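Raw entry_18.txt, compact mmCIF, C-alpha atoms and all ligand atoms:
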# COMPACT_ATOMS: atom_id res chain seq x y z
CA MET A 1 1.67 29.65 -7.79
CA SER A 2 3.09 26.48 -9.27
CA GLU A 3 1.12 23.26 -8.89
CA PRO A 4 2.43 20.99 -6.10
CA ILE A 5 4.01 17.88 -7.61
CA ILE A 6 2.09 15.37 -5.51
CA PRO A 7 -1.51 16.62 -5.51
CA THR A 8 -3.48 16.72 -2.27
CA ILE A 9 -7.17 15.90 -2.59
CA ASP A 10 -9.79 16.99 -0.08
CA LEU A 11 -12.17 14.03 0.24
CA SER A 12 -14.86 15.98 2.12
CA SER A 13 -16.92 16.41 -1.07
CA PHE A 14 -17.41 12.62 -1.14
CA PHE A 15 -18.77 12.60 2.41
CA LYS A 16 -20.98 15.67 1.86
CA GLY A 17 -22.38 14.65 -1.53
CA ASP A 18 -20.95 17.79 -3.17
CA GLU A 19 -21.00 16.72 -6.83
CA ASP A 20 -19.08 19.69 -8.13
CA GLY A 21 -16.25 19.09 -5.63
CA GLN A 22 -16.25 15.37 -6.49
CA LYS A 23 -15.95 16.10 -10.20
CA LYS A 24 -12.98 18.38 -9.65
CA ALA A 25 -11.29 15.86 -7.33
CA MET A 26 -11.82 13.08 -9.87
CA GLU A 27 -10.11 15.08 -12.60
CA VAL A 28 -7.00 15.43 -10.43
CA ILE A 29 -7.12 11.77 -9.35
CA THR A 30 -7.49 10.56 -12.95
CA LYS A 31 -4.47 12.61 -14.03
CA ALA A 32 -2.34 11.44 -11.08
CA PHE A 33 -3.27 7.77 -11.54
CA SER A 34 -2.73 7.91 -15.33
CA GLU A 35 0.73 9.44 -14.96
CA TYR A 36 2.38 7.96 -11.86
CA GLY A 37 -0.22 6.42 -9.51
CA PHE A 38 0.18 8.63 -6.44
CA PHE A 39 -1.60 11.42 -4.53
CA GLN A 40 -2.39 12.45 -0.97
CA ILE A 41 -5.71 12.93 0.83
CA VAL A 42 -7.00 15.12 3.62
CA ASN A 43 -10.44 15.10 5.28
CA HIS A 44 -10.48 11.34 4.83
CA GLY A 45 -12.43 10.56 7.99
CA ILE A 46 -9.59 8.87 9.96
CA PRO A 47 -9.28 10.76 13.28
CA LEU A 48 -5.89 12.35 13.93
CA ASP A 49 -5.98 11.15 17.57
CA LEU A 50 -6.27 7.57 16.39
CA ILE A 51 -3.31 7.98 14.02
CA LYS A 52 -1.25 9.49 16.84
CA GLU A 53 -2.13 6.76 19.28
CA ALA A 54 -1.46 3.97 16.78
CA THR A 55 1.94 5.54 16.04
CA GLU A 56 2.80 5.80 19.76
CA GLN A 57 1.79 2.19 20.33
CA SER A 58 3.81 1.08 17.35
CA LYS A 59 6.89 2.81 18.79
CA LEU A 60 6.34 1.00 22.09
CA PHE A 61 6.05 -2.29 20.28
CA PHE A 62 9.22 -1.88 18.21
CA ASP A 63 11.05 -0.88 21.40
CA TYR A 64 10.61 -4.43 22.72
CA SER A 65 13.69 -6.62 22.79
CA ASP A 66 14.42 -8.67 19.66
CA GLU A 67 13.76 -11.77 21.73
CA GLU A 68 10.23 -10.56 22.66
CA LYS A 69 9.40 -9.44 19.13
CA SER A 70 10.60 -12.64 17.53
CA LYS A 71 7.99 -14.58 19.54
CA ILE A 72 5.25 -12.91 17.48
CA LYS A 73 5.49 -15.29 14.57
CA SER A 74 3.19 -15.99 11.64
CA PHE A 75 1.55 -19.37 11.08
CA PRO A 76 3.33 -21.31 8.34
CA ASP A 77 0.10 -21.74 6.33
CA ALA A 78 -0.87 -18.03 6.46
CA PRO A 79 -1.28 -16.45 2.98
CA LEU A 80 0.63 -13.42 4.25
CA PRO A 81 3.51 -13.13 6.74
CA ALA A 82 1.43 -12.02 9.76
CA GLY A 83 3.29 -11.07 12.96
CA TYR A 84 6.74 -9.61 13.40
CA HIS A 85 9.52 -9.76 10.80
CA ARG A 86 12.98 -8.43 10.36
CA GLN A 87 15.07 -9.23 7.34
CA PHE A 88 18.67 -10.04 8.09
CA VAL A 89 21.27 -11.12 5.56
CA PRO A 90 20.89 -10.92 2.62
CA SER A 91 18.71 -7.94 3.37
CA ARG A 92 17.44 -5.54 0.77
CA ASP A 93 15.51 -3.39 3.22
CA ASN A 94 16.64 -1.84 6.48
CA ILE A 95 13.34 -2.23 8.28
CA GLU A 96 11.37 -4.32 10.73
CA TYR A 97 7.61 -4.69 10.47
CA PHE A 98 4.46 -6.07 12.04
CA LEU A 99 1.67 -7.33 9.77
CA ALA A 100 -1.93 -8.27 10.53
CA MET A 101 -4.87 -9.22 8.37
CA THR A 102 -8.54 -8.28 8.95
CA PRO A 103 -9.38 -8.11 12.70
CA GLY A 104 -10.58 -11.53 13.83
CA SER A 105 -8.49 -13.41 11.26
CA ASN A 106 -7.15 -16.70 12.65
CA PHE A 107 -3.77 -15.83 11.16
CA ASN A 108 -3.27 -12.72 13.30
CA VAL A 109 -0.77 -12.75 16.16
CA PHE A 110 -0.51 -9.69 18.42
CA PRO A 111 1.87 -8.92 21.31
CA GLN A 112 0.25 -10.21 24.52
CA ASN A 113 1.22 -7.44 26.91
CA LEU A 114 0.43 -4.38 24.80
CA PRO A 115 -3.38 -4.38 24.52
CA ARG A 116 -3.63 -0.75 23.31
CA PHE A 117 -1.38 -1.60 20.37
CA ARG A 118 -3.87 -4.20 19.19
CA GLU A 119 -6.88 -1.94 19.86
CA ALA A 120 -5.46 1.06 18.02
CA PHE A 121 -4.17 -1.09 15.15
CA GLU A 122 -7.52 -2.83 14.71
CA GLU A 123 -9.49 0.42 14.99
CA MET A 124 -7.32 1.96 12.31
CA PHE A 125 -7.77 -1.17 10.20
CA VAL A 126 -11.57 -0.84 10.35
CA GLN A 127 -11.40 2.83 9.34
CA MET A 128 -8.94 2.12 6.53
CA THR A 129 -11.20 -0.62 5.19
CA LYS A 130 -14.04 1.91 4.84
CA LEU A 131 -11.69 4.31 3.11
CA GLY A 132 -10.59 1.53 0.75
CA VAL A 133 -14.20 0.85 -0.23
CA LEU A 134 -14.72 4.55 -0.96
CA LEU A 135 -11.50 4.80 -2.96
CA GLU A 136 -12.30 1.76 -5.06
CA SER A 137 -15.63 3.31 -6.05
CA ILE A 138 -13.85 6.55 -6.97
CA ILE A 139 -11.33 4.57 -9.04
CA CYS A 140 -14.24 2.92 -10.91
CA ASP A 141 -15.81 6.29 -11.67
CA CYS A 142 -12.46 7.65 -12.85
CA LEU A 143 -11.97 4.63 -15.14
CA GLY A 144 -15.50 4.92 -16.55
CA LEU A 145 -16.55 1.60 -14.97
CA PRO A 146 -19.85 1.21 -13.05
CA THR A 147 -19.29 2.66 -9.55
CA ASN A 148 -19.80 -0.73 -7.87
CA PHE A 149 -17.71 -2.68 -10.35
CA LEU A 150 -14.74 -3.41 -8.07
CA ARG A 151 -16.93 -4.02 -5.04
CA GLU A 152 -18.87 -6.65 -6.98
CA PHE A 153 -15.70 -8.07 -8.54
CA ASN A 154 -14.30 -8.62 -5.04
CA ASP A 155 -16.61 -8.38 -2.04
CA ASP A 156 -14.31 -10.36 0.26
CA ARG A 157 -12.31 -8.13 2.60
CA ASP A 158 -10.52 -11.01 4.34
CA TRP A 159 -7.33 -10.54 2.32
CA ASP A 160 -6.80 -6.90 3.24
CA PHE A 161 -3.81 -6.35 5.48
CA MET A 162 -1.98 -3.61 7.35
CA VAL A 163 1.67 -3.24 8.22
CA ALA A 164 3.30 -1.14 10.95
CA LEU A 165 6.84 -0.33 9.83
CA HIS A 166 9.96 0.81 11.63
CA TYR A 167 12.85 2.13 9.53
CA PHE A 168 16.28 2.16 11.15
CA PRO A 169 18.32 5.35 10.83
CA ALA A 170 20.61 5.66 7.83
CA SER A 171 24.18 4.64 8.53
CA ASN A 172 27.43 6.16 7.23
CA ASN A 173 27.43 4.03 4.14
CA SER A 174 23.73 3.48 3.43
CA ASN A 175 20.42 5.30 3.49
CA HIS A 176 18.61 2.29 2.16
CA GLY A 177 15.14 2.04 3.75
CA LEU A 178 12.73 0.23 1.44
CA THR A 179 13.81 -0.77 -2.05
CA GLU A 180 11.91 0.70 -4.99
CA HIS A 181 8.83 -1.35 -5.78
CA GLU A 182 5.21 -1.30 -6.86
CA ASP A 183 2.51 -2.67 -4.55
CA ALA A 184 0.81 -5.87 -5.73
CA ASN A 185 -2.71 -5.05 -4.48
CA CYS A 186 -5.49 -2.63 -5.61
CA VAL A 187 -4.81 0.52 -3.62
CA THR A 188 -2.58 1.33 -0.64
CA PHE A 189 -2.81 4.01 2.06
CA VAL A 190 0.38 5.14 3.77
CA ILE A 191 0.65 7.19 6.93
CA GLN A 192 4.20 8.38 7.43
CA ASP A 193 5.50 10.23 10.49
CA GLU A 194 7.27 13.60 10.39
CA VAL A 195 10.66 12.11 9.43
CA GLY A 196 9.70 11.62 5.77
CA GLY A 197 11.67 9.63 3.22
CA LEU A 198 8.88 8.26 1.02
CA GLN A 199 9.56 9.00 -2.66
CA VAL A 200 7.61 8.34 -5.85
CA ARG A 201 9.07 8.02 -9.33
CA LYS A 202 7.66 10.36 -11.93
CA ASN A 203 9.18 10.66 -15.40
CA GLY A 204 12.34 8.93 -14.19
CA GLU A 205 12.83 11.30 -11.24
CA TRP A 206 12.39 10.56 -7.53
CA ILE A 207 9.91 13.02 -6.01
CA PRO A 208 9.84 13.26 -2.19
CA VAL A 209 6.43 12.99 -0.55
CA VAL A 210 6.73 15.69 2.10
CA PRO A 211 5.08 14.53 5.35
CA ALA A 212 2.15 16.57 6.67
CA GLU A 213 0.22 15.68 9.82
CA GLY A 214 -3.13 14.05 9.12
CA THR A 215 -2.34 13.53 5.44
CA ILE A 216 -2.59 10.04 3.97
CA VAL A 217 -0.73 8.95 0.87
CA VAL A 218 -2.73 6.94 -1.68
CA ASN A 219 -0.91 4.79 -4.17
CA LEU A 220 -2.25 2.52 -6.83
CA GLY A 221 -1.22 -1.15 -7.02
CA ASP A 222 -0.59 -3.70 -9.76
CA VAL A 223 -4.12 -5.17 -9.76
CA ILE A 224 -5.65 -1.94 -11.08
CA GLN A 225 -2.80 -1.49 -13.53
CA VAL A 226 -3.53 -4.95 -14.97
CA LEU A 227 -7.36 -4.67 -14.95
CA SER A 228 -7.15 -1.28 -16.68
CA ASN A 229 -4.55 -2.61 -19.16
CA LYS A 230 -2.12 0.10 -17.93
CA LYS A 231 -4.57 2.98 -18.29
CA PHE A 232 -3.82 3.58 -14.60
CA LYS A 233 -0.27 3.11 -13.33
CA SER A 234 0.91 1.24 -10.32
CA ALA A 235 3.16 3.69 -8.46
CA THR A 236 6.90 3.03 -8.26
CA HIS A 237 8.03 4.16 -4.84
CA ARG A 238 10.74 3.65 -2.22
CA VAL A 239 11.76 4.90 1.20
CA VAL A 240 15.10 6.52 1.91
CA SER A 241 16.11 6.51 5.56
CA THR A 242 17.43 9.54 7.41
CA GLU A 243 20.61 9.75 9.42
CA GLY A 244 20.07 9.74 13.19
CA ARG A 245 16.30 9.28 12.95
CA ASN A 246 14.04 6.30 13.33
CA ARG A 247 11.00 6.42 11.07
CA PHE A 248 7.58 4.89 11.72
CA SER A 249 4.79 4.39 9.23
CA PHE A 250 1.67 2.37 8.50
CA ALA A 251 0.67 0.92 5.16
CA PHE A 252 -2.83 -0.46 4.57
CA PHE A 253 -3.33 -2.72 1.55
CA HIS A 254 -6.83 -2.85 0.06
CA ASN A 255 -6.44 -6.21 -1.51
CA LEU A 256 -8.11 -8.99 -3.50
CA LYS A 257 -9.27 -12.46 -2.65
CA GLY A 258 -6.67 -15.04 -3.68
CA ASP A 259 -8.83 -17.03 -6.07
CA LYS A 260 -9.59 -14.03 -8.29
CA TRP A 261 -8.47 -14.40 -11.88
CA ILE A 262 -6.79 -11.17 -12.96
CA GLU A 263 -6.46 -10.04 -16.54
CA PRO A 264 -7.08 -6.81 -18.44
CA LEU A 265 -10.83 -6.12 -18.61
CA PRO A 266 -12.59 -6.19 -22.02
CA GLN A 267 -13.50 -2.51 -21.53
CA PHE A 268 -9.78 -1.69 -21.91
CA THR A 269 -8.91 -4.31 -24.52
CA LYS A 270 -11.21 -5.97 -27.03
CA ASP A 271 -14.08 -3.46 -26.67
CA ILE A 272 -11.71 -0.73 -27.85
CA GLY A 273 -9.53 -2.82 -30.15
CA GLU A 274 -6.47 -2.76 -27.86
CA PRO A 275 -4.25 -5.82 -27.29
CA SER A 276 -3.92 -7.12 -23.71
CA LYS A 277 -0.69 -6.03 -22.09
CA TYR A 278 -0.79 -8.88 -19.52
CA ARG A 279 -1.55 -12.58 -19.49
CA GLY A 280 -4.06 -13.68 -16.84
CA PHE A 281 -3.15 -15.14 -13.44
CA PHE A 282 -4.68 -16.09 -10.11
CA PHE A 283 -4.07 -13.33 -7.64
CA LYS A 284 -2.88 -15.76 -4.94
CA ASP A 285 -0.08 -16.99 -7.22
CA TYR A 286 1.21 -13.49 -7.76
CA GLN A 287 0.86 -12.64 -4.09
CA ALA A 288 2.79 -15.78 -3.10
CA LEU A 289 5.64 -14.76 -5.43
CA ARG A 290 5.62 -11.28 -3.94
CA VAL A 291 5.63 -12.59 -0.37
CA ARG A 292 8.62 -14.79 -1.30
CA ASN A 293 10.46 -11.65 -2.46
CA LYS A 294 10.17 -10.46 1.15
CA THR A 295 10.58 -13.64 3.17
CA HIS A 296 13.35 -15.13 0.99
CA PRO A 297 14.87 -12.11 -0.78
CA PRO A 298 16.73 -13.26 -3.90
CA SER A 299 20.37 -12.28 -3.87
CA ARG A 300 20.23 -10.99 -7.47
CA PRO A 301 17.92 -7.96 -7.93
CA GLU A 302 16.90 -9.28 -11.38
CA ASP A 303 15.30 -12.32 -9.68
CA VAL A 304 12.85 -10.19 -7.70
CA ILE A 305 9.34 -10.73 -9.09
CA HIS A 306 7.36 -7.71 -10.33
CA ILE A 307 4.17 -7.45 -12.36
CA THR A 308 6.38 -7.53 -15.46
CA HIS A 309 6.42 -11.31 -14.84
CA TYR A 310 2.99 -11.41 -16.53
CA GLU A 311 3.62 -8.75 -19.15
CA ILE A 312 3.03 -9.56 -22.82
CA ASP A 313 5.42 -7.98 -25.32
CA THR A 314 3.21 -5.97 -27.66
O1 LIG B 1 6.61 3.25 4.80
C1 LIG B 1 6.26 3.84 3.78
O2 LIG B 1 6.22 5.06 3.69
C2 LIG B 1 5.91 3.04 2.54
C3 LIG B 1 5.71 1.57 2.76
C4 LIG B 1 5.50 0.81 1.49
O3 LIG B 1 5.68 1.31 0.40
C5 LIG B 1 5.08 -0.58 1.54
O4 LIG B 1 5.02 -1.16 2.65
O5 LIG B 1 4.77 -1.16 0.47
FE FE B 2 4.76 0.12 -1.14

As structure tokens - that is how I would like this structure written.
Amino acid sequence: MSEPIIPTIDLSSFFKGDEDGQKKAMEVITKAFSEYGFFQIVNHGIPLDLIKEATEQSKLFFDYSDEEKSKIKSFPDAPLPAGYHRQFVPSRDNIEYFLAMTPGSNFNVFPQNLPRFREAFEEMFVQMTKLGVLLESIICDCLGLPTNFLREFNDDRDWDFMVALHYFPASNNSNHGLTEHEDANCVTFVIQDEVGGLQVRKNGEWIPVVPAEGTIVVNLGDVIQVLSNKKFKSATHRVVSTEGRNRFSFAFFHNLKGDKWIEPLPQFTKDIGEPSKYRGFFFKDYQALRVRNKTHPPSRPEDVIHITHYEIDT
């Protein structure tokens, strides 16, 4: 039987303390993160009922009138665009989305008359945060760093955020859902519904991530690519929309505190005699540039900021 292109990892060995299973899983994760930054997980601890309910609530929310949704606005000083957003002209993405930061954040704005939406969203957020902490320790082990390295590097979870997304059906002349991109953060979890459309680029080819109930997609972000001096790759991915079908998904971003200084770690540069592939930067500066890409999309694709902004020609 040929190996599936996007590997699926059973995380139960990490909950049961099965060292043999963990070792095998880490070999697959290391390969996937070194090559293209993507894999899927099952037995991750997030209850299927919760995922289903959050998805149902999200559908109810996006069904609100544009007038109702547009009242759910972010605060101008928020580090991330919390609340409801829809890009109109010049739009690169044919989506609308709702974003919230850690439950209890003063920046969060939820719809008033849909209490179960908030409850399910926040419950999923809490569960995803735990999963993020587990994944970051696995990433450290795979990179040969002390298991707690990332947790100690960044113990502030206030910058994590989650997005509920609604993709409009493809039209006659476009199936453009979400433009190809890499995520700016450490690691992202995506839950897509049965419609599908998520694709990852591997060796120049777009590989579809086939939806499967209860499966969560894990993709690596730019922060780990920079810290590891490109030993691990930030995944290039996009979403293609489907004709006649609305698509709903959630993306959880395990993130960094804004005042963190990011540059390739000595373990991946001077300790091994390798030149740094990136100049250093404050995470909040990069995040602000990335948020601008979304809130004020540049009309020329070459003006969209990616991590290449900090790349050093070697
Ligand atoms: O909706 C999806 O499947 C992916 C979303 C995504 O890539 C993102 O929000 O960065
Ligand atoms: Fe993404």

Tell me, counting all atoms listed in the file, for each residue of range 71-153 of chain A within 12 Å of range 288-304 of chain A, which pair of atoms is nearest and how far apart they are in Å to one decimal, in rows ordered by chain and increasing number, as CSV.
residue,atom,partner,partner_atom,distance
A:Ser74,CA,A:Thr295,CA,11.5
A:Pro76,CA,A:Thr295,CA,11.8
A:Asp77,CA,A:Ala288,CA,11.5
A:Ala78,CA,A:Ala288,CA,10.5
A:Pro79,CA,A:Ala288,CA,7.3
A:Leu80,CA,A:Val291,CA,6.9
A:Pro81,CA,A:Val291,CA,7.4
A:Ala82,CA,A:Val291,CA,11.0
A:Tyr84,CA,A:Thr295,CA,11.6
A:His85,CA,A:Thr295,CA,8.6
A:Arg86,CA,A:Thr295,CA,9.2
A:Gln87,CA,A:Thr295,CA,7.5
A:Phe88,CA,A:Pro297,CA,9.9
A:Val89,CA,A:Pro297,CA,9.1
A:Pro90,CA,A:Ser299,CA,6.7
A:Ser91,CA,A:Pro297,CA,7.0
A:Arg92,CA,A:Pro297,CA,7.2
A:Asp93,CA,A:Lys294,CA,9.1
A:Ile95,CA,A:Lys294,CA,11.3
A:Glu96,CA,A:Lys294,CA,11.4
A:Tyr97,CA,A:Lys294,CA,11.3

As a quick test: using only C-alpha atoms and all ligand atoms, which residues lie no more than 7 Å away from ligand LIG 1 (chain B)? Give them as a PDB file with C-alpha atoms, in the frame of the given file.
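What follows is the written file result.pdb:
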ATOM      1  CA  VAL A 163       1.670  -3.240   8.220  1.00  0.00           C
ATOM      2  CA  LEU A 165       6.840  -0.330   9.830  1.00  0.00           C
ATOM      3  CA  ASP A 183       2.510  -2.670  -4.550  1.00  0.00           C
ATOM      4  CA  VAL A 190       0.380   5.140   3.770  1.00  0.00           C
ATOM      5  CA  ILE A 191       0.650   7.190   6.930  1.00  0.00           C
ATOM      6  CA  GLN A 192       4.200   8.380   7.430  1.00  0.00           C
ATOM      7  CA  LEU A 198       8.880   8.260   1.020  1.00  0.00           C
ATOM      8  CA  HIS A 237       8.030   4.160  -4.840  1.00  0.00           C
ATOM      9  CA  ARG A 238      10.740   3.650  -2.220  1.00  0.00           C
ATOM     10  CA  VAL A 239      11.760   4.900   1.200  1.00  0.00           C
ATOM     11  CA  SER A 249       4.790   4.390   9.230  1.00  0.00           C
ATOM     12  CA  PHE A 250       1.670   2.370   8.500  1.00  0.00           C
ATOM     13  CA  ALA A 251       0.670   0.920   5.160  1.00  0.00           C
TER      14      ALA A 251
END

Which protein, DNA or RNA residues are at most 7 Å from (6.3, 14.3, -9.6) in the file's coordinates when you count only C-alpha atoms, listed as an mmCIF file with C-alpha atoms, in the coordinates of the input?
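The file below, selection.cif, is the result:
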data_model
loop_
_atom_site.group_PDB
_atom_site.id
_atom_site.type_symbol
_atom_site.label_atom_id
_atom_site.label_comp_id
_atom_site.auth_asym_id
_atom_site.auth_seq_id
_atom_site.Cartn_x
_atom_site.Cartn_y
_atom_site.Cartn_z
ATOM 1 C CA ILE A 5 4.010 17.880 -7.610
ATOM 2 C CA ILE A 6 2.090 15.370 -5.510
ATOM 3 C CA ARG A 201 9.070 8.020 -9.330
ATOM 4 C CA LYS A 202 7.660 10.360 -11.930
ATOM 5 C CA ILE A 207 9.910 13.020 -6.010
#

**Complete:** As a check of understanding: the span from CA of Ile305 in chain A to CA of Phe232 in chain A is 20.2 Å

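Summary of the local environment: counting all atoms listed in the file, residues at most 7 Å from Thr236 in chain A, other than itself and those fewer than 2 positions away along its chain, are Glu180, His181, Glu182, Val200, Arg201 and Ser234 of chain A.
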
**Prompt:** Which distance in Å separates CA of His166 in chain A and CA of Phe248 in chain A, to one decimal?
**Reply:** 4.7 Å

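Going from CA of Thr129 in chain A to CA of Thr30 in chain A covers 21.6 Å.
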
**Message:** Can you tell me which residues surround range 15-21 of chain A at a distance of at most 10 Å, considering all atoms listed in the file, apart from same-chain residues fewer than 3 positions away, and format the answer as a VMD selection string?
**Reply:** chain A and resid 10 to 12 24 to 26 43 to 45 134

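Among A:Leu227, A:Cys140, A:Leu60, A:Leu135, the residue with the shortest atom-to-atom distance to Ile41 in chain A, counting only C-alpha atoms, is A:Leu135.
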
Write range 204-229 of chain A as a compact mmCIF listing (two decimals), in the coordinates of the input, completed to N, CA and C atoms.
# COMPACT_ATOMS: atom_id res chain seq x y z
N GLY A 204 10.94 9.29 -14.44
CA GLY A 204 12.34 8.93 -14.19
C GLY A 204 12.98 9.66 -13.01
N GLU A 205 12.24 10.55 -12.36
CA GLU A 205 12.83 11.30 -11.24
C GLU A 205 12.19 10.88 -9.93
N TRP A 206 12.96 10.88 -8.85
CA TRP A 206 12.39 10.56 -7.53
C TRP A 206 11.85 11.84 -6.88
N ILE A 207 10.55 11.83 -6.60
CA ILE A 207 9.91 13.02 -6.01
C ILE A 207 9.61 12.72 -4.54
N PRO A 208 10.13 13.52 -3.60
CA PRO A 208 9.84 13.26 -2.19
C PRO A 208 8.38 13.57 -1.84
N VAL A 209 7.79 12.72 -1.03
CA VAL A 209 6.43 12.99 -0.55
C VAL A 209 6.59 13.63 0.83
N VAL A 210 6.45 14.94 0.88
CA VAL A 210 6.73 15.69 2.10
C VAL A 210 5.67 15.36 3.15
N PRO A 211 6.09 14.92 4.36
CA PRO A 211 5.08 14.53 5.35
C PRO A 211 4.28 15.72 5.85
N ALA A 212 3.00 15.52 6.08
CA ALA A 212 2.15 16.57 6.67
C ALA A 212 1.17 15.85 7.59
N GLU A 213 1.05 16.35 8.81
CA GLU A 213 0.22 15.68 9.82
C GLU A 213 -1.21 15.49 9.31
N GLY A 214 -1.74 14.32 9.49
CA GLY A 214 -3.13 14.05 9.12
C GLY A 214 -3.32 13.73 7.65
N THR A 215 -2.24 13.80 6.88
CA THR A 215 -2.34 13.53 5.44
C THR A 215 -2.04 12.05 5.18
N ILE A 216 -2.82 11.45 4.32
CA ILE A 216 -2.59 10.04 3.97
C ILE A 216 -2.19 9.96 2.51
N VAL A 217 -1.18 9.15 2.25
CA VAL A 217 -0.73 8.95 0.87
C VAL A 217 -1.55 7.81 0.27
N VAL A 218 -1.98 7.99 -0.97
CA VAL A 218 -2.73 6.94 -1.68
C VAL A 218 -1.88 6.51 -2.86
N ASN A 219 -1.60 5.22 -2.95
CA ASN A 219 -0.91 4.79 -4.17
C ASN A 219 -1.57 3.56 -4.78
N LEU A 220 -1.56 3.57 -6.09
CA LEU A 220 -2.25 2.52 -6.83
C LEU A 220 -1.35 1.29 -6.95
N GLY A 221 -1.99 0.10 -6.94
CA GLY A 221 -1.22 -1.15 -7.02
C GLY A 221 -1.39 -1.85 -8.36
N ASP A 222 -0.66 -2.96 -8.49
CA ASP A 222 -0.59 -3.70 -9.76
C ASP A 222 -1.94 -4.22 -10.25
N VAL A 223 -2.84 -4.60 -9.32
CA VAL A 223 -4.12 -5.17 -9.76
C VAL A 223 -4.87 -4.19 -10.66
N ILE A 224 -4.91 -2.93 -10.27
CA ILE A 224 -5.65 -1.94 -11.08
C ILE A 224 -4.90 -1.66 -12.38
N GLN A 225 -3.58 -1.70 -12.30
CA GLN A 225 -2.80 -1.49 -13.53
C GLN A 225 -3.13 -2.60 -14.55
N VAL A 226 -3.23 -3.84 -14.06
CA VAL A 226 -3.53 -4.95 -14.97
C VAL A 226 -4.98 -4.87 -15.46
N LEU A 227 -5.94 -4.71 -14.54
CA LEU A 227 -7.36 -4.67 -14.95
C LEU A 227 -7.58 -3.57 -15.98
N SER A 228 -6.92 -2.42 -15.78
CA SER A 228 -7.15 -1.28 -16.68
C SER A 228 -6.23 -1.33 -17.90
N ASN A 229 -5.49 -2.45 -18.04
CA ASN A 229 -4.55 -2.61 -19.16
C ASN A 229 -3.60 -1.41 -19.25
